[in-house]
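Source file: structure_33.pdb; contents: PDB, C-alpha atoms.
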```pdb
ATOM      1  CA  MET I   6      90.438  77.870 102.886
ATOM      2  CA  GLU I   7      88.648  74.910 101.364
ATOM      3  CA  ARG I   8      89.474  71.504 102.800
ATOM      4  CA  PHE I   9      90.762  68.576 100.755
ATOM      5  CA  ARG I  10      88.097  65.988 100.022
ATOM      6  CA  ASP I  11      90.448  63.130 100.953
ATOM      7  CA  ARG I  12      94.084  62.075 100.637
ATOM      8  CA  THR I  13      93.600  61.089  96.994
ATOM      9  CA  GLU I  14      92.493  64.582  96.019
ATOM     10  CA  ALA I  15      95.304  66.082  98.085
ATOM     11  CA  GLY I  16      97.810  63.881  96.262
ATOM     12  CA  ILE I  17      96.450  64.831  92.845
ATOM     13  CA  LEU I  18      96.769  68.533  93.658
ATOM     14  CA  LEU I  19     100.229  68.048  95.130
ATOM     15  CA  GLY I  20     101.319  66.145  92.032
ATOM     16  CA  GLN I  21     100.216  69.071  89.869
ATOM     17  CA  ARG I  22     102.413  71.411  91.898
ATOM     18  CA  LEU I  23     105.404  69.092  91.412
ATOM     19  CA  LEU I  24     105.141  68.615  87.639
ATOM     20  CA  ALA I  25     108.590  70.151  87.125
ATOM     21  CA  TYR I  26     109.904  66.773  88.334
ATOM     22  CA  ALA I  27     107.758  64.709  85.944
ATOM     23  CA  GLY I  28     109.419  62.155  83.686
ATOM     24  CA  ARG I  29     112.867  62.490  85.243
ATOM     25  CA  PRO I  30     114.724  59.188  85.735
ATOM     26  CA  ASP I  31     116.459  60.414  88.914
ATOM     27  CA  VAL I  32     113.248  61.158  90.869
ATOM     28  CA  ILE I  33     111.951  58.880  93.643
ATOM     29  CA  VAL I  34     108.832  59.470  95.729
ATOM     30  CA  LEU I  35     109.055  58.283  99.336
ATOM     31  CA  ALA I  36     105.818  58.243 101.315
ATOM     32  CA  LEU I  37     105.616  58.163 105.107
ATOM     33  CA  PRO I  38     103.123  55.479 106.136
ATOM     34  CA  ARG I  39     100.437  55.172 106.654
ATOM     35  CA  GLY I  40      98.587  58.346 105.722
ATOM     36  CA  GLY I  41     101.271  59.599 103.382
ATOM     37  CA  VAL I  42     100.994  56.609 101.058
ATOM     38  CA  PRO I  43      97.680  57.507  99.324
ATOM     39  CA  VAL I  44      99.066  61.023  98.822
ATOM     40  CA  GLY I  45     102.411  59.732  97.578
ATOM     41  CA  PHE I  46     100.719  57.287  95.218
ATOM     42  CA  GLU I  47      99.031  60.147  93.359
ATOM     43  CA  VAL I  48     102.255  62.184  93.331
ATOM     44  CA  ALA I  49     104.215  59.248  91.884
ATOM     45  CA  LYS I  50     101.466  58.723  89.301
ATOM     46  CA  ALA I  51     101.595  62.374  88.214
ATOM     47  CA  LEU I  52     105.398  62.363  87.967
ATOM     48  CA  ASP I  53     105.728  58.864  86.445
ATOM     49  CA  ALA I  54     108.172  58.122  89.270
ATOM     50  CA  PRO I  55     108.879  55.083  91.460
ATOM     51  CA  LEU I  56     107.085  54.966  94.825
ATOM     52  CA  ASP I  57     108.428  53.493  98.027
ATOM     53  CA  VAL I  58     107.743  53.860 101.732
ATOM     54  CA  PHE I  59     110.159  55.399 104.187
ATOM     55  CA  LEU I  60     109.437  54.266 107.710
ATOM     56  CA  VAL I  61     110.375  56.348 110.729
ATOM     57  CA  ARG I  62     109.913  55.309 114.358
ATOM     58  CA  LYS I  63     110.387  57.732 117.224
ATOM     59  CA  LEU I  64     112.699  56.729 120.037
ATOM     60  CA  GLY I  65     110.872  57.854 123.173
ATOM     61  CA  ALA I  66     112.947  58.838 126.195
ATOM     62  CA  PRO I  67     112.689  56.258 129.017
ATOM     63  CA  GLY I  68     109.899  57.305 131.367
ATOM     64  CA  GLN I  69     108.934  60.163 129.033
ATOM     65  CA  GLU I  70     107.931  58.253 125.934
ATOM     66  CA  GLU I  71     106.285  61.272 124.285
ATOM     67  CA  LEU I  72     109.636  63.084 124.309
ATOM     68  CA  ALA I  73     111.739  62.028 121.340
ATOM     69  CA  MET I  74     115.384  61.303 122.092
ATOM     70  CA  GLY I  75     115.853  60.289 118.486
ATOM     71  CA  ALA I  76     114.430  58.168 115.710
ATOM     72  CA  ILE I  77     115.181  55.165 113.555
ATOM     73  CA  ALA I  78     114.325  54.881 109.893
ATOM     74  CA  SER I  79     114.339  52.568 106.919
ATOM     75  CA  GLY I  80     117.803  51.321 106.009
ATOM     76  CA  ALA I  81     119.094  50.816 109.556
ATOM     77  CA  ILE I  82     119.404  54.565 110.072
ATOM     78  CA  ARG I  83     119.497  55.952 113.603
ATOM     79  CA  VAL I  84     119.332  59.652 114.466
ATOM     80  CA  LEU I  85     119.796  60.858 118.056
ATOM     81  CA  HIS I  86     118.840  64.195 119.603
ATOM     82  CA  HIS I  87     122.059  64.598 121.529
ATOM     83  CA  GLU I  88     120.817  67.545 123.602
ATOM     84  CA  VAL I  89     117.931  65.440 124.956
ATOM     85  CA  VAL I  90     120.224  62.490 125.605
ATOM     86  CA  ARG I  91     122.716  64.673 127.479
ATOM     87  CA  SER I  92     120.166  66.664 129.470
ATOM     88  CA  LEU I  93     118.374  63.529 130.683
ATOM     89  CA  GLN I  94     121.617  61.576 131.073
ATOM     90  CA  ILE I  95     120.247  58.660 129.078
ATOM     91  CA  SER I  96     122.704  55.786 128.987
ATOM     92  CA  PRO I  97     123.748  54.001 125.788
ATOM     93  CA  GLN I  98     122.184  50.826 127.214
ATOM     94  CA  ALA I  99     118.823  52.556 127.678
ATOM     95  CA  ILE I 100     118.968  53.932 124.143
ATOM     96  CA  GLU I 101     119.738  50.464 122.828
ATOM     97  CA  ARG I 102     116.765  48.888 124.636
ATOM     98  CA  VAL I 103     114.345  51.411 123.154
ATOM     99  CA  ALA I 104     115.964  51.146 119.726
ATOM    100  CA  GLN I 105     115.665  47.351 119.692
ATOM    101  CA  LYS I 106     111.962  47.527 120.515
ATOM    102  CA  GLU I 107     111.228  50.128 117.837
ATOM    103  CA  THR I 108     113.436  48.344 115.300
ATOM    104  CA  ALA I 109     111.343  45.216 115.715
ATOM    105  CA  GLU I 110     108.174  47.188 114.894
ATOM    106  CA  LEU I 111     109.853  48.981 111.994
ATOM    107  CA  ASP I 112     111.060  45.659 110.576
ATOM    108  CA  ARG I 113     107.564  44.195 110.924
ATOM    109  CA  ARG I 114     106.080  47.071 108.954
ATOM    110  CA  GLU I 115     108.830  46.876 106.336
ATOM    111  CA  ARG I 116     108.027  43.189 105.755
ATOM    112  CA  THR I 117     104.291  43.848 105.712
ATOM    113  CA  TYR I 118     104.404  46.760 103.291
ATOM    114  CA  ARG I 119     107.158  45.683 100.907
ATOM    115  CA  ALA I 120     106.256  41.992 100.559
ATOM    116  CA  GLY I 121     109.839  41.071  99.722
ATOM    117  CA  ARG I 122     110.645  44.076  97.509
ATOM    118  CA  LEU I 123     113.997  45.702  98.222
ATOM    119  CA  PRO I 124     114.140  49.382  99.196
ATOM    120  CA  LEU I 125     114.939  51.762  96.355
ATOM    121  CA  GLU I 126     118.495  53.073  96.065
ATOM    122  CA  LEU I 127     118.535  56.763  97.085
ATOM    123  CA  GLY I 128     122.163  57.697  96.467
ATOM    124  CA  GLY I 129     122.477  60.460  93.879
ATOM    125  CA  LYS I 130     118.690  60.659  93.425
ATOM    126  CA  THR I 131     116.180  63.461  93.821
ATOM    127  CA  VAL I 132     114.064  62.241  96.722
ATOM    128  CA  ILE I 133     110.578  63.672  97.272
ATOM    129  CA  LEU I 134     109.344  62.916 100.797
ATOM    130  CA  VAL I 135     105.550  62.977 101.052
ATOM    131  CA  ASP I 136     103.109  62.891 103.965
ATOM    132  CA  ASP I 137      99.447  63.846 104.325
ATOM    133  CA  GLY I 138     100.372  66.896 106.410
ATOM    134  CA  LEU I 139     102.718  68.171 109.100
ATOM    135  CA  ALA I 140     101.667  69.170 112.608
ATOM    136  CA  THR I 141     104.867  69.436 114.658
ATOM    137  CA  GLY I 142     106.963  68.081 111.784
ATOM    138  CA  SER I 143     109.062  65.884 114.092
ATOM    139  CA  THR I 144     108.607  62.682 112.085
ATOM    140  CA  MET I 145     109.429  64.399 108.812
ATOM    141  CA  ARG I 146     112.493  66.059 110.340
ATOM    142  CA  ALA I 147     113.760  62.614 111.333
ATOM    143  CA  ALA I 148     112.992  61.321 107.836
ATOM    144  CA  VAL I 149     114.968  64.149 106.247
ATOM    145  CA  GLN I 150     117.963  63.481 108.486
ATOM    146  CA  ALA I 151     117.794  59.771 107.726
ATOM    147  CA  VAL I 152     117.422  60.243 103.965
ATOM    148  CA  ARG I 153     120.445  62.576 103.934
ATOM    149  CA  LYS I 154     122.591  59.695 105.179
ATOM    150  CA  HIS I 155     121.892  57.931 101.871
ATOM    151  CA  GLU I 156     123.520  60.881 100.037
ATOM    152  CA  PRO I 157     120.764  61.843  97.590
ATOM    153  CA  SER I 158     121.479  64.702  95.225
ATOM    154  CA  ARG I 159     118.392  66.641  96.311
ATOM    155  CA  VAL I 160     115.765  66.353  99.050
ATOM    156  CA  VAL I 161     112.267  67.755  98.561
ATOM    157  CA  VAL I 162     109.502  67.677 101.173
ATOM    158  CA  ALA I 163     105.980  67.906  99.768
ATOM    159  CA  VAL I 164     102.774  67.943 101.807
ATOM    160  CA  PRO I 165      99.210  69.111 101.229
ATOM    161  CA  THR I 166      99.031  71.091 104.474
ATOM    162  CA  ALA I 167     101.135  72.266 107.404
ATOM    163  CA  SER I 168     101.315  75.150 109.814
ATOM    164  CA  ALA I 169     103.056  78.221 108.426
ATOM    165  CA  ASP I 170     105.814  77.990 111.060
ATOM    166  CA  VAL I 171     106.599  74.355 110.285
ATOM    167  CA  CYS I 172     106.564  75.006 106.557
ATOM    168  CA  ALA I 173     108.956  77.928 107.022
ATOM    169  CA  GLU I 174     111.283  75.761 109.115
ATOM    170  CA  PHE I 175     111.504  73.107 106.407
ATOM    171  CA  HIS I 176     112.447  75.712 103.815
ATOM    172  CA  LEU I 177     115.716  75.927 105.751
ATOM    173  CA  LEU I 178     116.169  72.152 106.120
ATOM    174  CA  VAL I 179     115.672  70.840 102.587
ATOM    175  CA  ASP I 180     116.408  71.823  99.013
ATOM    176  CA  GLU I 181     112.729  72.534  98.314
ATOM    177  CA  MET I 182     109.627  72.642 100.495
ATOM    178  CA  VAL I 183     106.221  72.379  98.842
ATOM    179  CA  CYS I 184     103.123  72.947 100.957
ATOM    180  CA  LEU I 185      99.775  73.609  99.293
ATOM    181  CA  MET I 186      97.954  75.052 102.289
ATOM    182  CA  THR I 187      99.263  76.802 105.412
ATOM    183  CA  PRO I 188      96.188  77.791 107.455
ATOM    184  CA  GLN I 189      96.668  80.600 109.966
ATOM    185  CA  PHE I 190      95.007  78.537 112.679
ATOM    186  CA  PHE I 191      96.249  75.039 111.899
ATOM    187  CA  TYR I 192      95.542  72.944 115.037
ATOM    188  CA  ALA I 193      95.667  69.487 113.392
ATOM    189  CA  VAL I 194      96.191  67.877 109.995
ATOM    190  CA  GLY I 195      92.813  66.113 110.008
ATOM    191  CA  LEU I 196      90.881  69.385 110.226
ATOM    192  CA  TRP I 197      91.872  70.167 106.647
ATOM    193  CA  TYR I 198      90.338  67.025 105.165
ATOM    194  CA  VAL I 199      86.647  66.230 104.757
ATOM    195  CA  ASN I 200      87.490  62.518 104.919
ATOM    196  CA  PHE I 201      90.482  61.763 107.159
ATOM    197  CA  ALA I 202      89.748  58.114 107.877
ATOM    198  CA  GLN I 203      92.744  56.119 109.043
ATOM    199  CA  THR I 204      94.730  54.461 106.261
ATOM    200  CA  SER I 205      94.984  50.715 106.840
ATOM    201  CA  ASP I 206      97.998  48.454 106.378
ATOM    202  CA  GLU I 207      96.012  46.677 103.657
ATOM    203  CA  GLU I 208      95.533  49.917 101.734
ATOM    204  CA  VAL I 209      99.237  50.725 102.029
ATOM    205  CA  LYS I 210     100.163  47.275 100.687
ATOM    206  CA  GLU I 211      97.682  47.515  97.807
ATOM    207  CA  LEU I 212      98.940  50.927  96.680
ATOM    208  CA  LEU I 213     102.594  49.877  96.885
ATOM    209  CA  ASP I 214     101.835  46.692  94.924
ATOM    210  CA  ARG I 215     100.049  48.680  92.250
ATOM    211  CA  ALA I 216     102.876  51.204  92.020
ATOM    212  CA  ALA I 217     105.501  48.438  91.773
ATOM    213  CA  LYS I 218     103.574  46.965  88.839
ATOM    214  CA  GLY I 219     103.056  50.376  87.219
ATOM    215  CA  GLU I 220      99.292  50.093  87.730
ATOM    216  CA  PHE I 221      98.541  53.713  88.542
TER     217      PHE I 221
END
```

Using structure tokens, write down the structure from this file.
Amino acid sequence: MERFRDRTEAGILLGQRLLAYAGRPDVIVLALPRGGVPVGFEVAKALDAPLDVFLVRKLGAPGQEELAMGAIASGAIRVLHHEVVRSLQISPQAIERVAQKETAELDRRERTYRAGRLPLELGGKTVILVDDGLATGSTMRAAVQAVRKHEPSRVVVAVPTASADVCAEFHLLVDEMVCLMTPQFFYAVGLWYVNFAQTSDEEVKELLDRAAKGEF
């Protein structure tokens, strides 16, 4: 399989796959920062759709921060993995301490990226969630759960690349799953890009500003 040149090319190709949604007034593209924003920008451009960010922060279990006990997301949404909470006997107070810390970081990023713009209204909309790829898919799973709480009419996940297993899982979680490339030996998202340089906060802000002004 050929690799994507960069996130811009991946977004252009993904937008072509999603053209059935082009020109529809109910469609919103939500990109997961930071790497999903350059991809989402090109998707929104192809579909002539609004672009916004949807931030998700993992809630790491106390003492085992790599283990997610839940997540918080844009719009004051909190999702808990109740099995993890029960099995580790994590107290509500401990959950709250972690949530407050991650909420502060999420709020900081919201202010940085949006520059005063209000989040888009998702109720009754067709929401297309975009990232630059899925490895374990944990962040996107949390995003899907959080977006569902806003009661959209349809949830679509669209990514340039993911493992076949993760892609298959999302077919069961959302109304439509679009994945351009599912390599047999996936390993990591960055392996499927020639240029996978980190996306900066400044780039995220610039792309969101351009999209808000219709300057695609």

| request: Go through I:Val160, I:Asp170, I:Leu212, I:Gly45 one by one, measure the shortest atom-to-atom distance of each to Gly142 in chain I using all atoms listed in the file, and give the residue with the smallest value. | output: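 Going through I:Val160, I:Asp170, I:Leu212, I:Gly45 one by one, the smallest distance to Gly142 in chain I is for I:Asp170.
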
| query | When the PyMOL selection byres ((chain I and resi 75) around 7) is applied to the file above, which residues end up in the set, as a PyMOL selection string? | reply | chain I and resi 63-64+73-74+76+84-86

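Using only C-alpha atoms, the smallest distance between any of I:Leu177, I:Ala49, I:Val34, I:Val44 and Ala15 in chain I comes from I:Val44.
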
| request: Apply the PyMOL selection byres ((chain I and resi 181) around 7) to the structure shown and report the selected residues as a PyMOL selection string. | output: chain I and resi 160-162+176+179-180+182-183

| request: Could you tell me which residues the PyMOL selection byres ((chain I and resi 139) around 7) grabs in this file, written as an MDAnalysis selection string? | output: chainID I and resid 138 140:142 166:167 194

Would you put the residues from that selection into a file with C-alpha atoms, as a CSV table (one decimal), keeping the file's coordinate frame?
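Everything below was put into result-v8.csv:
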```
chain,number,residue,atom,x,y,z
I,138,GLY,CA,100.4,66.9,106.4
I,140,ALA,CA,101.7,69.2,112.6
I,141,THR,CA,104.9,69.4,114.7
I,142,GLY,CA,107.0,68.1,111.8
I,166,THR,CA,99.0,71.1,104.5
I,167,ALA,CA,101.1,72.3,107.4
I,194,VAL,CA,96.2,67.9,110.0
```
